[in-house]
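Below is one structure, written out as C-alpha coordinates, with a few remarks after it.
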Amino acid sequence: MAVSTATTALVFALLASVVFRGSYGGRTLSALVEEQPLAMTYHKGALLAGNVSVNLIFYGKFTASQRAIISDFVTSLSPLPHQKDSLEPSVVTWWKTLAKYYTASRTPLPKLGLGKQVVDEKYSLGRSLLDADLAKLAARGAPRDAVNVVLTAEDVAVEGFCMSRCGTHGASRRSRAGRSAYVWVGNSATQCPGQCAWPFHQPTYGPQAPPLVAPNGDVGVDGMIINLAGLLAGTATNPFGNGYFQGPKEAPLEAATACPGVYGKGAYPGYTGDLLVDPATGASYNAHGARGRKYLLPALFDPSTSSCSTLV
(Lines give C-alpha, C1' and ligand atoms only; values in the text may rest on other atoms or scores of the structure.)
Protein backbone atom coordinates (compact mmCIF):
# COMPACT_ATOMS: atom_id res chain seq x y z
CA MET A 1 0.00 0.00 0.00
CA ALA A 2 2.70 2.49 0.97
CA VAL A 3 4.70 4.04 -1.81
CA SER A 4 6.75 6.65 0.01
CA THR A 5 7.20 8.14 3.45
CA ALA A 6 8.40 11.22 5.29
CA THR A 7 10.02 11.23 8.68
CA THR A 8 9.86 13.59 11.65
CA ALA A 9 12.91 15.36 12.91
CA LEU A 10 14.53 13.32 15.66
CA VAL A 11 16.33 15.77 17.90
CA PHE A 12 19.39 14.78 19.92
CA ALA A 13 20.58 17.61 22.18
CA LEU A 14 24.31 17.54 21.54
CA LEU A 15 26.45 20.61 22.14
CA ALA A 16 24.96 21.59 18.80
CA SER A 17 21.72 19.68 18.30
CA VAL A 18 21.82 16.77 15.87
CA VAL A 19 18.74 15.76 13.94
CA PHE A 20 17.54 13.08 11.62
CA ARG A 21 16.16 15.39 8.97
CA GLY A 22 12.65 14.85 7.63
CA SER A 23 12.13 13.51 4.14
CA TYR A 24 9.92 11.57 1.81
CA GLY A 25 12.53 8.82 1.63
CA GLY A 26 15.71 7.69 3.43
CA ARG A 27 17.14 9.31 6.58
CA THR A 28 20.56 10.72 7.20
CA LEU A 29 22.00 12.06 10.43
CA SER A 30 23.17 15.66 10.13
CA ALA A 31 24.23 18.41 12.47
CA LEU A 32 21.94 21.37 13.04
CA VAL A 33 24.05 24.46 12.44
CA GLU A 34 23.37 28.12 11.90
CA GLU A 35 22.91 28.59 8.17
CA GLN A 36 21.05 30.74 5.68
CA PRO A 37 17.41 29.53 5.45
CA LEU A 38 16.51 27.73 2.26
CA ALA A 39 13.48 28.69 0.21
CA MET A 40 10.41 26.47 0.54
CA THR A 41 9.72 25.41 -3.04
CA TYR A 42 6.33 24.40 -4.42
CA HIS A 43 6.74 21.47 -6.82
CA LYS A 44 3.25 21.84 -8.33
CA GLY A 45 1.80 18.67 -6.82
CA ALA A 46 -1.51 18.24 -5.01
CA LEU A 47 -1.96 19.53 -1.48
CA LEU A 48 -4.38 18.14 1.07
CA ALA A 49 -7.70 19.91 0.49
CA GLY A 50 -11.38 19.97 1.42
CA ASN A 51 -12.98 18.35 4.44
CA VAL A 52 -10.60 15.71 5.72
CA SER A 53 -11.32 13.11 8.38
CA VAL A 54 -8.45 12.24 10.69
CA ASN A 55 -8.95 8.61 11.66
CA LEU A 56 -7.00 7.31 14.64
CA ILE A 57 -5.79 3.70 14.73
CA PHE A 58 -4.47 2.88 18.21
CA TYR A 59 -2.23 -0.17 18.03
CA GLY A 60 -1.40 -1.75 21.37
CA LYS A 61 -2.48 -0.68 24.82
CA PHE A 62 -3.38 2.96 25.33
CA THR A 63 -5.31 4.14 28.36
CA ALA A 64 -8.55 6.05 27.88
CA SER A 65 -6.75 9.17 29.12
CA GLN A 66 -3.98 8.78 26.53
CA ARG A 67 -6.47 8.33 23.71
CA ALA A 68 -8.36 11.42 24.88
CA ILE A 69 -5.20 13.59 24.83
CA ILE A 70 -4.65 12.67 21.18
CA SER A 71 -8.27 12.83 20.03
CA ASP A 72 -8.71 16.21 21.74
CA PHE A 73 -5.69 17.50 19.84
CA VAL A 74 -7.20 16.47 16.52
CA THR A 75 -10.50 18.08 17.53
CA SER A 76 -8.57 21.26 18.36
CA LEU A 77 -7.36 21.66 14.76
CA SER A 78 -10.74 23.12 13.73
CA PRO A 79 -12.94 25.67 15.53
CA LEU A 80 -15.50 23.97 17.72
CA PRO A 81 -19.18 24.51 16.76
CA HIS A 82 -20.92 27.31 18.65
CA GLN A 83 -17.58 28.50 20.08
CA LYS A 84 -17.09 32.16 19.25
CA ASP A 85 -13.94 32.80 21.23
CA SER A 86 -11.02 30.59 22.14
CA LEU A 87 -7.95 31.15 24.25
CA GLU A 88 -4.92 32.28 22.28
CA PRO A 89 -2.47 31.17 21.18
CA SER A 90 -4.46 28.16 20.01
CA VAL A 91 -4.06 24.95 18.05
CA VAL A 92 -6.43 26.40 15.43
CA THR A 93 -4.21 29.46 14.97
CA TRP A 94 -1.17 27.20 14.62
CA TRP A 95 -2.91 25.18 11.88
CA LYS A 96 -4.01 28.33 10.04
CA THR A 97 -0.34 29.30 9.71
CA LEU A 98 -0.23 26.77 6.87
CA ALA A 99 -2.62 28.92 4.80
CA LYS A 100 0.39 30.69 3.28
CA TYR A 101 1.33 27.42 1.58
CA TYR A 102 -2.01 27.36 -0.21
CA THR A 103 -1.71 30.76 -1.90
CA ALA A 104 0.20 29.51 -4.96
CA SER A 105 -2.15 26.58 -5.52
CA ARG A 106 -5.25 28.74 -4.96
CA THR A 107 -6.64 26.02 -2.74
CA PRO A 108 -8.31 26.66 0.63
CA LEU A 109 -6.62 25.25 3.71
CA PRO A 110 -8.14 21.82 4.46
CA LYS A 111 -10.55 21.51 7.35
CA LEU A 112 -9.59 18.59 9.53
CA GLY A 113 -12.13 16.78 11.67
CA LEU A 114 -11.90 13.84 14.04
CA GLY A 115 -13.04 10.69 12.24
CA LYS A 116 -13.36 7.18 13.53
CA GLN A 117 -11.17 5.63 16.19
CA VAL A 118 -9.96 2.05 15.88
CA VAL A 119 -8.45 0.26 18.87
CA ASP A 120 -6.32 -2.87 18.44
CA GLU A 121 -5.23 -3.95 21.92
CA LYS A 122 -4.51 -7.54 20.86
CA TYR A 123 -1.46 -6.68 18.76
CA SER A 124 -2.95 -8.41 15.73
CA LEU A 125 0.24 -7.93 13.69
CA GLY A 126 2.61 -8.66 16.56
CA ARG A 127 4.79 -6.35 18.63
CA SER A 128 7.44 -5.75 15.99
CA LEU A 129 6.25 -3.92 12.88
CA LEU A 130 7.70 -3.16 9.48
CA ASP A 131 6.69 -0.30 7.18
CA ALA A 132 4.39 -2.69 5.31
CA ASP A 133 2.57 -3.40 8.59
CA LEU A 134 2.03 0.32 9.17
CA ALA A 135 0.43 0.58 5.74
CA LYS A 136 -1.87 -2.36 6.56
CA LEU A 137 -2.93 -0.68 9.78
CA ALA A 138 -3.50 2.63 8.02
CA ALA A 139 -5.83 0.85 5.59
CA ARG A 140 -8.21 0.30 8.51
CA GLY A 141 -9.06 3.98 8.23
CA ALA A 142 -10.74 5.44 5.14
CA PRO A 143 -9.72 5.12 1.47
CA ARG A 144 -10.20 8.79 0.56
CA ASP A 145 -10.73 12.28 1.99
CA ALA A 146 -8.83 11.16 5.07
CA VAL A 147 -5.56 11.06 6.92
CA ASN A 148 -5.27 7.71 8.66
CA VAL A 149 -3.09 8.01 11.74
CA VAL A 150 -1.44 4.90 13.16
CA LEU A 151 -0.35 5.29 16.78
CA THR A 152 1.80 2.52 18.27
CA ALA A 153 2.01 1.86 22.01
CA GLU A 154 5.22 2.12 24.02
CA ASP A 155 5.84 -1.65 23.93
CA VAL A 156 5.64 -1.88 20.12
CA ALA A 157 8.88 -1.90 18.12
CA VAL A 158 8.72 -0.34 14.66
CA GLU A 159 11.28 -0.48 11.87
CA GLY A 160 13.64 2.48 12.29
CA PHE A 161 11.94 3.77 15.44
CA CYS A 162 14.39 5.55 17.77
CA MET A 163 17.26 4.82 15.39
CA SER A 164 16.31 7.16 12.57
CA ARG A 165 12.77 8.41 13.16
CA CYS A 166 9.99 9.18 15.61
CA GLY A 167 7.22 8.98 13.02
CA THR A 168 6.45 8.94 9.33
CA HIS A 169 3.93 10.11 6.77
CA GLY A 170 3.16 8.66 3.37
CA ALA A 171 0.36 7.77 1.01
CA SER A 172 -1.53 4.78 -0.29
CA ARG A 173 -1.23 3.59 -3.86
CA ARG A 174 -3.66 4.96 -6.41
CA SER A 175 -6.90 2.98 -6.75
CA ARG A 176 -10.44 3.40 -8.00
CA ALA A 177 -11.39 4.56 -4.51
CA GLY A 178 -8.80 7.33 -4.73
CA ARG A 179 -5.72 7.89 -2.65
CA SER A 180 -5.35 8.58 1.05
CA ALA A 181 -2.54 9.92 3.20
CA TYR A 182 -1.38 8.27 6.38
CA VAL A 183 0.75 9.10 9.39
CA TRP A 184 2.51 6.90 11.92
CA VAL A 185 3.78 8.06 15.32
CA GLY A 186 5.21 5.85 18.07
CA ASN A 187 5.06 6.28 21.85
CA SER A 188 8.71 6.59 22.89
CA ALA A 189 8.12 6.58 26.67
CA THR A 190 10.09 3.39 27.37
CA GLN A 191 12.20 3.11 24.21
CA CYS A 192 13.76 6.52 23.49
CA PRO A 193 12.10 9.43 25.36
CA GLY A 194 15.33 11.42 25.24
CA GLN A 195 15.11 11.40 21.46
CA CYS A 196 11.42 11.43 20.55
CA ALA A 197 9.85 13.03 23.65
CA TRP A 198 12.36 15.86 24.17
CA PRO A 199 11.91 18.44 25.72
CA PHE A 200 9.75 16.51 28.20
CA HIS A 201 12.62 14.13 28.93
CA GLN A 202 16.32 14.79 29.34
CA PRO A 203 18.12 14.48 26.02
CA THR A 204 19.99 11.30 25.25
CA TYR A 205 23.15 13.26 24.46
CA GLY A 206 24.64 16.59 25.39
CA PRO A 207 24.06 18.84 28.42
CA GLN A 208 21.49 17.32 30.75
CA ALA A 209 19.24 20.31 31.37
CA PRO A 210 16.10 19.59 33.41
CA PRO A 211 13.23 18.44 31.21
CA LEU A 212 10.08 20.51 30.86
CA VAL A 213 6.86 19.44 32.52
CA ALA A 214 4.50 17.83 29.99
CA PRO A 215 1.24 19.82 29.66
CA ASN A 216 -0.98 16.73 29.81
CA GLY A 217 1.07 14.87 32.37
CA ASP A 218 2.23 12.13 29.99
CA VAL A 219 5.78 12.40 28.66
CA GLY A 220 5.29 9.77 25.96
CA VAL A 221 1.94 11.01 24.65
CA ASP A 222 2.81 14.70 24.89
CA GLY A 223 5.88 13.83 22.84
CA MET A 224 3.64 12.04 20.35
CA ILE A 225 1.58 15.22 19.97
CA ILE A 226 4.68 17.18 18.92
CA ASN A 227 5.53 14.58 16.28
CA LEU A 228 1.92 14.13 15.15
CA ALA A 229 1.48 17.87 14.72
CA GLY A 230 4.60 18.16 12.59
CA LEU A 231 3.62 15.19 10.46
CA LEU A 232 0.10 16.51 9.88
CA ALA A 233 1.63 19.80 8.70
CA GLY A 234 3.90 17.86 6.33
CA THR A 235 1.01 15.74 5.14
CA ALA A 236 -1.10 18.81 4.33
CA THR A 237 1.62 20.58 2.37
CA ASN A 238 3.42 17.59 0.83
CA PRO A 239 1.02 14.62 0.89
CA PHE A 240 2.36 12.77 -2.16
CA GLY A 241 5.98 13.88 -2.33
CA ASN A 242 5.56 16.66 -4.90
CA GLY A 243 4.14 19.51 -2.84
CA TYR A 244 6.16 21.93 -0.71
CA PHE A 245 9.60 21.01 0.52
CA GLN A 246 13.17 22.24 0.76
CA GLY A 247 16.17 20.46 -0.70
CA PRO A 248 16.25 17.26 -2.76
CA LYS A 249 13.18 15.06 -3.08
CA GLU A 250 15.14 12.14 -1.64
CA ALA A 251 15.70 14.03 1.63
CA PRO A 252 13.43 17.09 1.76
CA LEU A 253 12.57 19.30 4.70
CA GLU A 254 8.88 20.08 5.13
CA ALA A 255 6.81 22.70 6.94
CA ALA A 256 7.71 21.53 10.46
CA THR A 257 10.91 19.54 9.92
CA ALA A 258 12.54 22.66 8.45
CA CYS A 259 12.40 24.09 12.01
CA PRO A 260 13.71 21.26 14.23
CA GLY A 261 13.72 21.91 17.96
CA VAL A 262 12.04 25.33 17.67
CA TYR A 263 8.93 25.97 19.79
CA GLY A 264 9.16 29.60 20.88
CA LYS A 265 11.00 32.84 20.21
CA GLY A 266 14.66 32.85 21.12
CA ALA A 267 15.14 29.14 20.42
CA TYR A 268 18.59 27.79 19.70
CA PRO A 269 20.02 24.25 19.48
CA GLY A 270 19.12 22.46 22.70
CA TYR A 271 16.76 25.24 23.90
CA THR A 272 13.07 25.27 22.95
CA GLY A 273 12.63 29.02 23.10
CA ASP A 274 10.44 31.02 25.48
CA LEU A 275 7.22 29.17 26.28
CA LEU A 276 4.09 29.71 28.34
CA VAL A 277 4.01 28.04 31.75
CA ASP A 278 0.89 26.83 33.55
CA PRO A 279 1.08 28.40 37.03
CA ALA A 280 -0.86 25.50 38.57
CA THR A 281 1.20 22.61 37.19
CA GLY A 282 4.44 24.19 36.01
CA ALA A 283 3.87 22.62 32.57
CA SER A 284 5.28 24.29 29.47
CA TYR A 285 3.11 24.81 26.39
CA ASN A 286 2.47 27.16 23.50
CA ALA A 287 -1.09 26.37 22.38
CA HIS A 288 -4.54 26.06 23.92
CA GLY A 289 -6.77 23.26 22.69
CA ALA A 290 -10.24 21.85 23.09
CA ARG A 291 -11.67 21.03 26.50
CA GLY A 292 -9.11 23.12 28.30
CA ARG A 293 -6.15 21.18 26.92
CA LYS A 294 -2.69 22.66 26.51
CA TYR A 295 -0.16 21.44 23.95
CA LEU A 296 3.40 22.07 22.81
CA LEU A 297 3.52 22.39 19.03
CA PRO A 298 6.51 22.78 16.69
CA ALA A 299 7.31 25.98 14.83
CA LEU A 300 6.28 26.03 11.17
CA PHE A 301 8.39 27.36 8.33
CA ASP A 302 6.87 30.52 6.85
CA PRO A 303 7.37 30.38 3.05
CA SER A 304 6.77 34.11 2.70
CA THR A 305 9.62 35.11 5.02
CA SER A 306 11.82 31.98 4.86
CA SER A 307 11.86 31.84 8.64
CA CYS A 308 10.41 29.71 11.44
CA SER A 309 7.09 31.02 12.73
CA THR A 310 6.20 30.41 16.38
CA LEU A 311 3.02 30.97 18.34
CA VAL A 312 4.83 32.54 21.30
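Simple scheme: letters A, B, ... for chains in C-alpha coordinates order, numbers from 1 for residues in each chain, numbers from 1 for ligands in the order shown.
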_Residues of segment 38-248 of chain A in strand (DSSP E), written as a PyMOL selection string_ = chain A and resi 41-42+51-59+111-120+128-129+146-152+157-158+167-171+181-186+244-245
_Non-local contacts of segment 227-237 of chain A (6 Å; only C-alpha atoms; under 2 positions in same chain excluded) as a VMD selection string_ = chain A and resid 47 to 48 224 to 225 239 243 to 244 254 to 256
Export of prior selection with all heavy atoms as a PDB file, in the first residue's frame:
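Saved the output as selection-v1.pdb:
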```
ATOM      1  N   LEU A  47      -2.003  19.331  -2.911  1.00  0.00           N
ATOM      2  CA  LEU A  47      -1.965  19.532  -1.475  1.00  0.00           C
ATOM      3  C   LEU A  47      -3.221  18.906  -0.874  1.00  0.00           C
ATOM      4  O   LEU A  47      -4.199  18.657  -1.571  1.00  0.00           O
ATOM      5  CB  LEU A  47      -1.924  21.022  -1.128  1.00  0.00           C
ATOM      6  CG  LEU A  47      -0.832  21.877  -1.783  1.00  0.00           C
ATOM      7  CD1 LEU A  47      -0.897  23.301  -1.241  1.00  0.00           C
ATOM      8  CD2 LEU A  47       0.541  21.279  -1.566  1.00  0.00           C
ATOM      9  N   LEU A  48      -3.184  18.646   0.400  1.00  0.00           N
ATOM     10  CA  LEU A  48      -4.376  18.144   1.066  1.00  0.00           C
ATOM     11  C   LEU A  48      -5.439  19.240   1.014  1.00  0.00           C
ATOM     12  O   LEU A  48      -5.141  20.414   1.258  1.00  0.00           O
ATOM     13  CB  LEU A  48      -4.044  17.805   2.517  1.00  0.00           C
ATOM     14  CG  LEU A  48      -4.902  16.756   3.224  1.00  0.00           C
ATOM     15  CD1 LEU A  48      -4.746  15.408   2.537  1.00  0.00           C
ATOM     16  CD2 LEU A  48      -4.484  16.654   4.691  1.00  0.00           C
ATOM     17  N   MET A 224       4.330  12.470  21.572  1.00  0.00           N
ATOM     18  CA  MET A 224       3.640  12.039  20.354  1.00  0.00           C
ATOM     19  C   MET A 224       2.901  13.197  19.700  1.00  0.00           C
ATOM     20  O   MET A 224       2.852  13.295  18.471  1.00  0.00           O
ATOM     21  CB  MET A 224       2.649  10.910  20.669  1.00  0.00           C
ATOM     22  CG  MET A 224       3.278   9.597  21.088  1.00  0.00           C
ATOM     23  SD  MET A 224       2.047   8.310  21.439  1.00  0.00           S
ATOM     24  CE  MET A 224       1.640   7.757  19.773  1.00  0.00           C
ATOM     25  N   ILE A 225       2.318  14.067  20.507  1.00  0.00           N
ATOM     26  CA  ILE A 225       1.583  15.219  19.967  1.00  0.00           C
ATOM     27  C   ILE A 225       2.512  16.108  19.151  1.00  0.00           C
ATOM     28  O   ILE A 225       2.155  16.574  18.054  1.00  0.00           O
ATOM     29  CB  ILE A 225       0.925  16.033  21.101  1.00  0.00           C
ATOM     30  CG1 ILE A 225      -0.180  15.224  21.797  1.00  0.00           C
ATOM     31  CG2 ILE A 225       0.365  17.355  20.562  1.00  0.00           C
ATOM     32  CD1 ILE A 225      -1.346  14.862  20.911  1.00  0.00           C
ATOM     33  N   PRO A 239       1.618  15.939   0.646  1.00  0.00           N
ATOM     34  CA  PRO A 239       1.020  14.619   0.893  1.00  0.00           C
ATOM     35  C   PRO A 239       1.552  13.498   0.014  1.00  0.00           C
ATOM     36  O   PRO A 239       1.604  12.343   0.434  1.00  0.00           O
ATOM     37  CB  PRO A 239      -0.476  14.855   0.635  1.00  0.00           C
ATOM     38  CG  PRO A 239      -0.519  16.021  -0.292  1.00  0.00           C
ATOM     39  CD  PRO A 239       0.633  16.892   0.119  1.00  0.00           C
ATOM     40  N   GLY A 243       4.732  18.251  -3.276  1.00  0.00           N
ATOM     41  CA  GLY A 243       4.138  19.508  -2.836  1.00  0.00           C
ATOM     42  C   GLY A 243       5.218  20.499  -2.445  1.00  0.00           C
ATOM     43  O   GLY A 243       6.095  20.815  -3.238  1.00  0.00           O
ATOM     44  N   TYR A 244       5.166  20.989  -1.205  1.00  0.00           N
ATOM     45  CA  TYR A 244       6.157  21.933  -0.713  1.00  0.00           C
ATOM     46  C   TYR A 244       7.256  21.212   0.066  1.00  0.00           C
ATOM     47  O   TYR A 244       6.988  20.445   0.981  1.00  0.00           O
ATOM     48  CB  TYR A 244       5.501  22.938   0.231  1.00  0.00           C
ATOM     49  CG  TYR A 244       4.775  24.079  -0.448  1.00  0.00           C
ATOM     50  CD1 TYR A 244       3.406  24.013  -0.672  1.00  0.00           C
ATOM     51  CD2 TYR A 244       5.451  25.239  -0.825  1.00  0.00           C
ATOM     52  CE1 TYR A 244       2.730  25.065  -1.273  1.00  0.00           C
ATOM     53  CE2 TYR A 244       4.788  26.296  -1.423  1.00  0.00           C
ATOM     54  CZ  TYR A 244       3.429  26.202  -1.646  1.00  0.00           C
ATOM     55  OH  TYR A 244       2.770  27.245  -2.229  1.00  0.00           O
ATOM     56  N   GLU A 254      10.261  19.622   5.318  1.00  0.00           N
ATOM     57  CA  GLU A 254       8.875  20.077   5.125  1.00  0.00           C
ATOM     58  C   GLU A 254       8.530  21.200   6.100  1.00  0.00           C
ATOM     59  O   GLU A 254       9.414  21.755   6.754  1.00  0.00           O
ATOM     60  CB  GLU A 254       7.937  18.878   5.274  1.00  0.00           C
ATOM     61  CG  GLU A 254       8.214  17.797   4.240  1.00  0.00           C
ATOM     62  CD  GLU A 254       7.387  16.545   4.440  1.00  0.00           C
ATOM     63  OE1 GLU A 254       7.000  16.256   5.595  1.00  0.00           O
ATOM     64  OE2 GLU A 254       7.131  15.844   3.449  1.00  0.00           O
ATOM     65  N   ALA A 255       7.255  21.519   6.189  1.00  0.00           N
ATOM     66  CA  ALA A 255       6.810  22.696   6.945  1.00  0.00           C
ATOM     67  C   ALA A 255       7.310  22.719   8.386  1.00  0.00           C
ATOM     68  O   ALA A 255       7.725  23.761   8.894  1.00  0.00           O
ATOM     69  CB  ALA A 255       5.283  22.769   6.918  1.00  0.00           C
ATOM     70  N   ALA A 256       7.258  21.574   9.072  1.00  0.00           N
ATOM     71  CA  ALA A 256       7.714  21.529  10.462  1.00  0.00           C
ATOM     72  C   ALA A 256       9.149  21.052  10.594  1.00  0.00           C
ATOM     73  O   ALA A 256       9.899  21.557  11.434  1.00  0.00           O
ATOM     74  CB  ALA A 256       6.791  20.624  11.282  1.00  0.00           C
TER      75      ALA A 256
END
```
*Go through A:Gly167, A:Pro79, A:Pro298, A:Pro108 and flag the residue nearest Ala267 of chain A, using only C-alpha atoms for the distances.*
A:Pro298
*Near Phe73 of chain A, within 12 Å and counting only C-alpha atoms, which residues show up once chain neighbours fewer than 2 positions away are dropped, as a count of residues only?*
42
*Residues of segment 2-239 of chain A in helix (DSSP H, G or I), written as a PyMOL selection string*: chain A and resi 64-76+91-102+131-138+193-196+219-237
*Contacts of segment 139-144 of chain A at 10 Å (only C-alpha atoms; same-chain gap of 6+ positions) as a ChimeraX atom specification*: /A:1-2,52-57,115-118,133,150,172,174-182
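Residues within 12 Å of Pro279 of chain A, counting only C-alpha atoms and excluding same-chain residues fewer than 5 positions away, are Val213, Pro215, Ser284 and Tyr285 of chain A.
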Take the residues that were just selected and, keeping N, CA and C atoms, output them as a PDB file, in the first residue's frame.
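What follows is the written file again.pdb:
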```pdb
ATOM      1  N   VAL A 213       8.022  20.193  32.058  1.00  0.00           N
ATOM      2  CA  VAL A 213       6.862  19.435  32.523  1.00  0.00           C
ATOM      3  C   VAL A 213       5.868  19.306  31.370  1.00  0.00           C
ATOM      4  N   PRO A 215       2.511  19.125  29.369  1.00  0.00           N
ATOM      5  CA  PRO A 215       1.244  19.817  29.656  1.00  0.00           C
ATOM      6  C   PRO A 215       0.069  18.911  29.971  1.00  0.00           C
ATOM      7  N   SER A 284       4.966  23.364  30.557  1.00  0.00           N
ATOM      8  CA  SER A 284       5.280  24.289  29.466  1.00  0.00           C
ATOM      9  C   SER A 284       4.435  23.959  28.244  1.00  0.00           C
ATOM     10  N   TYR A 285       3.958  24.999  27.559  1.00  0.00           N
ATOM     11  CA  TYR A 285       3.106  24.807  26.387  1.00  0.00           C
ATOM     12  C   TYR A 285       3.142  26.055  25.530  1.00  0.00           C
TER      13      TYR A 285
END
```
*Restricting the calculation to only C-alpha atoms, which member of A:Lys111, A:Lys100, A:Lys122, A:Lys61 is positioned closest to Val147 of chain A?*
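Closest to Val147 of chain A of all the choices is A:Lys111.
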_Long-range neighbours of segment 38-43 of chain A as a ChimeraX atom specification, 7 Å cut-off, only C-alpha atoms, 2 positions minimum in chain_ = /A:36,45,242-246,303,306
*Tell me, as a PyMOL selection string, which residues lie within 10 Å of Ser124 of chain A, counting only C-alpha atoms; anything in the same chain fewer than 4 positions away does not count.*
chain A and resi 59-60+120+137
*For Leu134 of chain A, which residue out of A:Ala104, A:Gly170, A:Val119, A:Ser188 is the nearest one, using only C-alpha atoms?*
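Smallest distance to Leu134 of chain A is found for A:Gly170.
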